[in-house]
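Visitor: To start, I am sharing the structure in question, which I have written as structure tokens.
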Amino acid sequence: MLPSGRKGSEIDYNGSPAGYTAAPGEAVTYVDAHDNETLFDALAYKLPQDTPMADRVRMQALSLATAVLSQGTTFVHAGTERLRSKSLDRNSYDSGDWFNRLLWDCAQGNGFGAGLPPRADNEAKWPYARPLLADPALRPGCADIDAARARYGELLRIRASSPAFALGTLEEVQRRLSFPDSAEGVITMHVDTEGLDPRWRSVTVVFNATPAEHTQAMPSPAGREVALHPVQAGSADPVVRTASADRATGTLTVPARTVAVFVGV
């Protein structure tokens with residue numbers, strides 16, 4: 001069930017129902033793959049050009065979180081955790097190593113700005129690609145790449161920490177998973193883990209893609225003991241560590257461009 005109250009089977013997706021699996025494991029979730037632009041390149045096109053690199057790293061992690069913390073099978077394109085770029089090439093199957101290479105040495109960058117992508121499949125975007133690829137501010141350094149890798153690693157640790165992120169059946173998903181009302185640009189996902197997780201009674205994830213701090217009403221009644229997930233409480237990211245739960249008012253506060261995971265005990 002979507003936040004709108006509609007089922008996936010009621011949403012048209014290229015002429016077919018968007019909800020098409022009978023079990024969570026049959027659904028593969030991802031935000032980029034070998035075809036089309038890498039996630040970093042897609043964000044280069046979509047974010048304002050003057051968006052600081054630190055915010056681009058935050059949006060990279062937040063985007064990956066929508067796949068990593070979803071039900072079903074997660075697919076992550078090789079190198080996306082380290083901001084991989086194909087210099088805006090949207091169809092690189094025949095582009096050779098210059099555009100497809102994965103740079104393991106962060107001092108060499110991430111591949112962005114390697115050159116204008118090949119004419120085939122990219123020529124229409126050349127007017128937009130040229131100024132972006134020529135902008136040195138859009139080329140991440142080692143600190144940026146290392147931060148992206150660290151946040152992706154934290155997402156993996158969070159997913160592995162609770163069965164909340166791997167409900168095994170359709171019935172469990174329908175019974176335990178809900179999406180409380182949120183503001184535009186924010187998705188809140190709540191999983192009731194009572195009797196499922198030996199440590200926590202609930203897991204709530206707030207994806208705040210907006211450029212402003214967001215205050216979210218808690219799915220559970222005020223007075224419940226809710227805290228930031230231990231992985232994020234000790235995160236290398238000082239911003240996510242400021243995310244908080246107010247037991248008295250029953251609200252969650254999440255910084256801009258941040259995914260925060262809260263656990264209820």
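Ordering of the structure tokens sets the chain letters (A, B, ...), residue numbers begin anew at 1 in every chain, and ligands are numbered from 1 in the order given.
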Could you give me, as a PyMOL selection string, each residue of stretch 16-247 of chain A that DSSP assigns to alpha helix (DSSP H) when run on this structure's backbone?
Guide: chain A and resi 39-46+53-68+97-100+126-133+142-161+170-176+230-233
Visitor: Generate the output file for the selected residues, C-alpha atoms, as a CSV table (one decimal), in the first residue's frame.
Guide:
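Here's the written file part_36.csv:
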chain,number,residue,atom,x,y,z
A,39,LEU,CA,23.6,7.7,-10.0
A,40,PHE,CA,26.3,10.4,-9.7
A,41,ASP,CA,25.8,11.5,-13.3
A,42,ALA,CA,22.0,11.5,-13.0
A,43,LEU,CA,22.3,13.8,-10.0
A,44,ALA,CA,24.7,16.0,-11.9
A,45,TYR,CA,22.0,16.6,-14.5
A,46,LYS,CA,19.2,16.9,-11.9
A,53,MET,CA,29.8,18.4,-3.4
A,54,ALA,CA,29.0,17.6,0.3
A,55,ASP,CA,25.2,17.8,-0.6
A,56,ARG,CA,25.8,15.7,-3.6
A,57,VAL,CA,27.4,13.0,-1.4
A,58,ARG,CA,24.4,13.2,0.9
A,59,MET,CA,21.9,12.8,-2.0
A,60,GLN,CA,24.0,9.8,-3.3
A,61,ALA,CA,23.7,8.1,0.1
A,62,LEU,CA,20.0,9.0,0.5
A,63,SER,CA,19.2,7.7,-3.0
A,64,LEU,CA,21.1,4.4,-2.3
A,65,ALA,CA,19.2,4.1,1.0
A,66,THR,CA,15.9,3.9,-0.8
A,67,ALA,CA,17.1,0.6,-2.3
A,68,VAL,CA,19.2,-0.8,0.5
A,97,ASP,CA,37.4,1.4,-20.9
A,98,TRP,CA,37.8,5.2,-21.0
A,99,PHE,CA,34.2,5.7,-19.9
A,100,ASN,CA,33.6,2.3,-18.3
A,126,TRP,CA,25.8,17.6,-25.2
A,127,PRO,CA,24.6,21.3,-24.7
A,128,TYR,CA,23.8,20.4,-21.1
A,129,ALA,CA,26.8,18.1,-20.6
A,130,ARG,CA,29.6,20.4,-21.8
A,131,PRO,CA,29.3,23.0,-19.0
A,132,LEU,CA,28.8,20.4,-16.3
A,133,LEU,CA,31.8,18.3,-17.4
A,142,CYS,CA,39.2,11.6,-1.8
A,143,ALA,CA,37.3,13.0,1.2
A,144,ASP,CA,34.1,13.0,-0.8
A,145,ILE,CA,34.6,9.5,-2.2
A,146,ASP,CA,35.6,8.2,1.2
A,147,ALA,CA,32.5,9.8,2.9
A,148,ALA,CA,30.2,8.2,0.3
A,149,ARG,CA,31.8,4.7,0.8
A,150,ALA,CA,31.5,5.1,4.6
A,151,ARG,CA,27.8,6.0,4.5
A,152,TYR,CA,27.0,3.1,2.1
A,153,GLY,CA,28.8,0.8,4.5
A,154,GLU,CA,26.6,2.1,7.4
A,155,LEU,CA,23.5,1.4,5.3
A,156,LEU,CA,24.6,-2.2,4.8
A,157,ARG,CA,25.2,-2.6,8.6
A,158,ILE,CA,21.8,-1.2,9.3
A,159,ARG,CA,20.1,-3.5,6.8
A,160,ALA,CA,21.9,-6.5,8.4
A,161,SER,CA,21.0,-5.4,11.9
A,170,LEU,CA,3.6,-10.7,1.2
A,171,GLU,CA,1.5,-11.2,4.3
A,172,GLU,CA,4.3,-10.0,6.6
A,173,VAL,CA,4.9,-6.9,4.4
A,174,GLN,CA,1.2,-6.0,4.4
A,175,ARG,CA,0.9,-6.6,8.2
A,176,ARG,CA,4.0,-4.9,9.4
A,230,PRO,CA,23.2,2.6,17.0
A,231,VAL,CA,25.1,2.6,13.7
A,232,GLN,CA,24.0,6.2,13.0
A,233,ALA,CA,24.4,7.3,16.6
Visitor: Neighbours of A:Ala227 within 9 Å (only C-alpha atoms; same-chain residues fewer than 4 positions away dropped), as a VMD selection string?
Guide: chain A and resid 233 244 to 246 261 to 265
Visitor: Based on DSSP run over this structure's backbone, return all residues of stretch 4-176 of chain A in strand (DSSP E or B), as number ranges by chain.
Guide: A: 12-13, 16-17, 28-29, 73-74
Visitor: Just C-alpha atoms for this one: save the residues we selected as a PDB file, in the first residue's frame.
Guide:
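What follows is the written file result12.pdb:
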ATOM      1  CA  ASP A  12      -0.062   2.131 -14.343  1.00  0.00           C
ATOM      2  CA  TYR A  13       3.592   1.533 -15.253  1.00  0.00           C
ATOM      3  CA  SER A  16       1.238  -2.733 -16.775  1.00  0.00           C
ATOM      4  CA  PRO A  17       0.445  -2.722 -13.043  1.00  0.00           C
ATOM      5  CA  VAL A  28      14.750  -6.181  -7.297  1.00  0.00           C
ATOM      6  CA  THR A  29      15.237  -2.607  -6.092  1.00  0.00           C
ATOM      7  CA  THR A  73      16.457  -7.904  -3.276  1.00  0.00           C
ATOM      8  CA  THR A  74      18.795  -4.912  -3.513  1.00  0.00           C
TER       9      THR A  74
END
Visitor: Determine, counting only C-alpha atoms, which protein, DNA and RNA residues have an atom within 12 Å of an atom of A:Asp105; residues of the same chain fewer than 3 positions away are not included. Present the result as a ChimeraX atom specification.
Guide: /A:79,82,84,101-102,108-111,141-142,145-146
Visitor: Please produce a file of the residues just selected, as a compact mmCIF listing (two decimals), in the first residue's frame, where the atoms kept are all heavy atoms.
Guide:
# COMPACT_ATOMS: atom_id res chain seq x y z
N GLY A 79 30.56 0.40 -8.06
CA GLY A 79 31.19 1.70 -7.97
C GLY A 79 30.28 2.83 -7.53
O GLY A 79 30.76 3.92 -7.22
N ARG A 82 31.06 4.58 -4.42
CA ARG A 82 32.22 5.49 -4.43
C ARG A 82 32.04 6.58 -5.50
O ARG A 82 33.00 7.07 -6.08
CB ARG A 82 33.52 4.72 -4.61
CG ARG A 82 33.58 3.81 -5.82
CD ARG A 82 34.83 2.93 -5.86
NE ARG A 82 36.04 3.72 -5.90
CZ ARG A 82 36.95 3.77 -4.91
NH1 ARG A 82 36.78 3.06 -3.81
NH2 ARG A 82 38.03 4.50 -5.02
N ARG A 84 30.83 6.61 -8.56
CA ARG A 84 31.29 6.31 -9.92
C ARG A 84 30.57 7.15 -10.97
O ARG A 84 29.36 7.32 -10.95
CB ARG A 84 31.06 4.82 -10.22
CG ARG A 84 31.57 4.41 -11.62
CD ARG A 84 31.26 2.97 -11.90
NE ARG A 84 31.79 2.53 -13.18
CZ ARG A 84 31.63 1.30 -13.67
NH1 ARG A 84 30.96 0.39 -12.96
NH2 ARG A 84 32.14 0.97 -14.84
N ARG A 101 35.70 2.50 -17.09
CA ARG A 101 36.66 2.12 -16.06
C ARG A 101 36.15 2.50 -14.65
O ARG A 101 35.41 3.46 -14.49
CB ARG A 101 38.00 2.82 -16.31
CG ARG A 101 37.89 4.33 -16.35
CD ARG A 101 39.19 5.01 -16.75
NE ARG A 101 39.01 6.45 -16.91
CZ ARG A 101 39.99 7.31 -17.08
NH1 ARG A 101 41.25 6.86 -17.11
NH2 ARG A 101 39.74 8.58 -17.23
N LEU A 102 36.56 1.72 -13.70
CA LEU A 102 36.24 2.00 -12.30
C LEU A 102 37.54 2.38 -11.61
O LEU A 102 38.46 1.57 -11.50
CB LEU A 102 35.62 0.76 -11.64
CG LEU A 102 34.64 1.00 -10.49
CD1 LEU A 102 33.94 -0.30 -10.11
CD2 LEU A 102 35.32 1.61 -9.29
N GLN A 108 42.58 9.83 -8.40
CA GLN A 108 42.31 9.96 -9.82
C GLN A 108 40.88 10.42 -10.09
O GLN A 108 40.48 10.56 -11.25
CB GLN A 108 42.56 8.62 -10.52
CG GLN A 108 43.99 8.15 -10.45
CD GLN A 108 44.19 6.81 -11.15
OE1 GLN A 108 43.24 6.19 -11.61
NE2 GLN A 108 45.43 6.38 -11.24
N GLY A 109 40.11 10.67 -9.02
CA GLY A 109 38.74 11.11 -9.19
C GLY A 109 37.78 9.95 -9.31
O GLY A 109 38.06 8.83 -8.88
N ASN A 110 36.62 10.23 -9.92
CA ASN A 110 35.59 9.20 -10.05
C ASN A 110 35.19 8.94 -11.50
O ASN A 110 34.25 8.20 -11.76
CB ASN A 110 34.34 9.59 -9.25
CG ASN A 110 33.62 10.79 -9.86
OD1 ASN A 110 34.22 11.61 -10.53
ND2 ASN A 110 32.33 10.88 -9.61
N GLY A 111 35.90 9.58 -12.43
CA GLY A 111 35.58 9.41 -13.85
C GLY A 111 34.84 10.59 -14.44
O GLY A 111 34.74 10.71 -15.67
N GLY A 141 36.72 14.81 -4.58
CA GLY A 141 38.05 14.44 -4.12
C GLY A 141 37.98 13.21 -3.23
O GLY A 141 36.92 12.62 -3.03
N CYS A 142 39.11 12.85 -2.67
CA CYS A 142 39.18 11.64 -1.84
C CYS A 142 38.26 11.74 -0.63
O CYS A 142 37.61 10.74 -0.26
CB CYS A 142 40.62 11.41 -1.38
SG CYS A 142 41.68 10.68 -2.66
N ILE A 145 34.71 10.92 -1.81
CA ILE A 145 34.55 9.51 -2.17
C ILE A 145 34.59 8.64 -0.92
O ILE A 145 33.79 7.70 -0.76
CB ILE A 145 35.64 9.10 -3.18
CG1 ILE A 145 35.41 9.83 -4.51
CG2 ILE A 145 35.65 7.59 -3.39
CD1 ILE A 145 36.54 9.67 -5.51
N ASP A 146 35.50 8.95 -0.01
CA ASP A 146 35.58 8.17 1.23
C ASP A 146 34.31 8.33 2.07
O ASP A 146 33.84 7.37 2.69
CB ASP A 146 36.80 8.61 2.05
CG ASP A 146 38.11 8.18 1.42
OD1 ASP A 146 38.09 7.31 0.52
OD2 ASP A 146 39.17 8.72 1.82
Visitor: Restricting the calculation to only C-alpha atoms, which member of A:Trp104, A:Ala260, A:Arg6, A:Ser95 is positioned closest to A:Phe179?
Guide: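 Looking only at the distances to A:Phe179, the closest residue turns out to be A:Arg6.
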Visitor: Which of these residues is nearest to A:Leu103, using only C-alpha atoms: A:Asp89, A:Thr80, A:Asn122, A:Ser182?
Guide: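 Closest residue, counting only C-alpha atoms: A:Thr80.
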Visitor: Which is closest to A:Asn208 among A:Lys125, A:His34, A:Arg119, A:Arg257, if we use only C-alpha atoms?
Guide: A:Arg257
Visitor: Nearest to A:Pro219 among A:Ala78, A:Val240, A:Leu196, A:Leu252, with distances taken over only C-alpha atoms: which residue is it?
Guide: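 Selected residue with least distance to A:Pro219: A:Leu252.
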Visitor: Would you mind listing what lies within 7 Å of A:His190 as a compact mmCIF listing (two decimals) with N, CA, C and O atoms, in the first residue's frame, with only C-alpha atoms counted and same-chain residues fewer than 6 positions away left out?
Guide:
# COMPACT_ATOMS: atom_id res chain seq x y z
N LEU A 177 4.40 -3.37 7.49
CA LEU A 177 4.98 -2.20 6.83
C LEU A 177 3.91 -1.14 6.57
O LEU A 177 2.83 -1.44 6.06
N SER A 178 4.24 0.10 6.91
CA SER A 178 3.32 1.21 6.63
C SER A 178 4.12 2.46 6.29
O SER A 178 5.31 2.56 6.60
N PHE A 179 3.44 3.43 5.66
CA PHE A 179 4.07 4.69 5.26
C PHE A 179 3.25 5.85 5.84
O PHE A 179 2.30 6.32 5.21
N VAL A 203 10.99 -0.27 13.74
CA VAL A 203 12.05 0.43 12.99
C VAL A 203 11.36 1.45 12.09
O VAL A 203 10.45 1.11 11.34
N THR A 204 11.79 2.69 12.20
CA THR A 204 11.22 3.77 11.39
C THR A 204 12.33 4.46 10.62
O THR A 204 13.35 4.84 11.20
N VAL A 205 12.14 4.58 9.32
CA VAL A 205 13.14 5.22 8.46
C VAL A 205 12.53 6.48 7.87
O VAL A 205 11.43 6.43 7.29
N PRO A 219 5.15 7.35 14.18
CA PRO A 219 4.07 6.38 13.96
C PRO A 219 3.55 5.80 15.27
O PRO A 219 2.39 5.48 15.40
Visitor: Find the distance between atom CA of A:Gly185 and atom CA of A:Thr253 and write it in Å to one decimal.
Guide: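 Computed distance, atom CA of A:Gly185 to atom CA of A:Thr253, equals 14.6 Å.
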Visitor: Can you tell me how far atom CA of A:Gly72 sits from atom CA of A:Val191, in Å to one decimal?
Guide: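 We find that atom CA of A:Gly72 and atom CA of A:Val191 lie 14.2 Å from each other.
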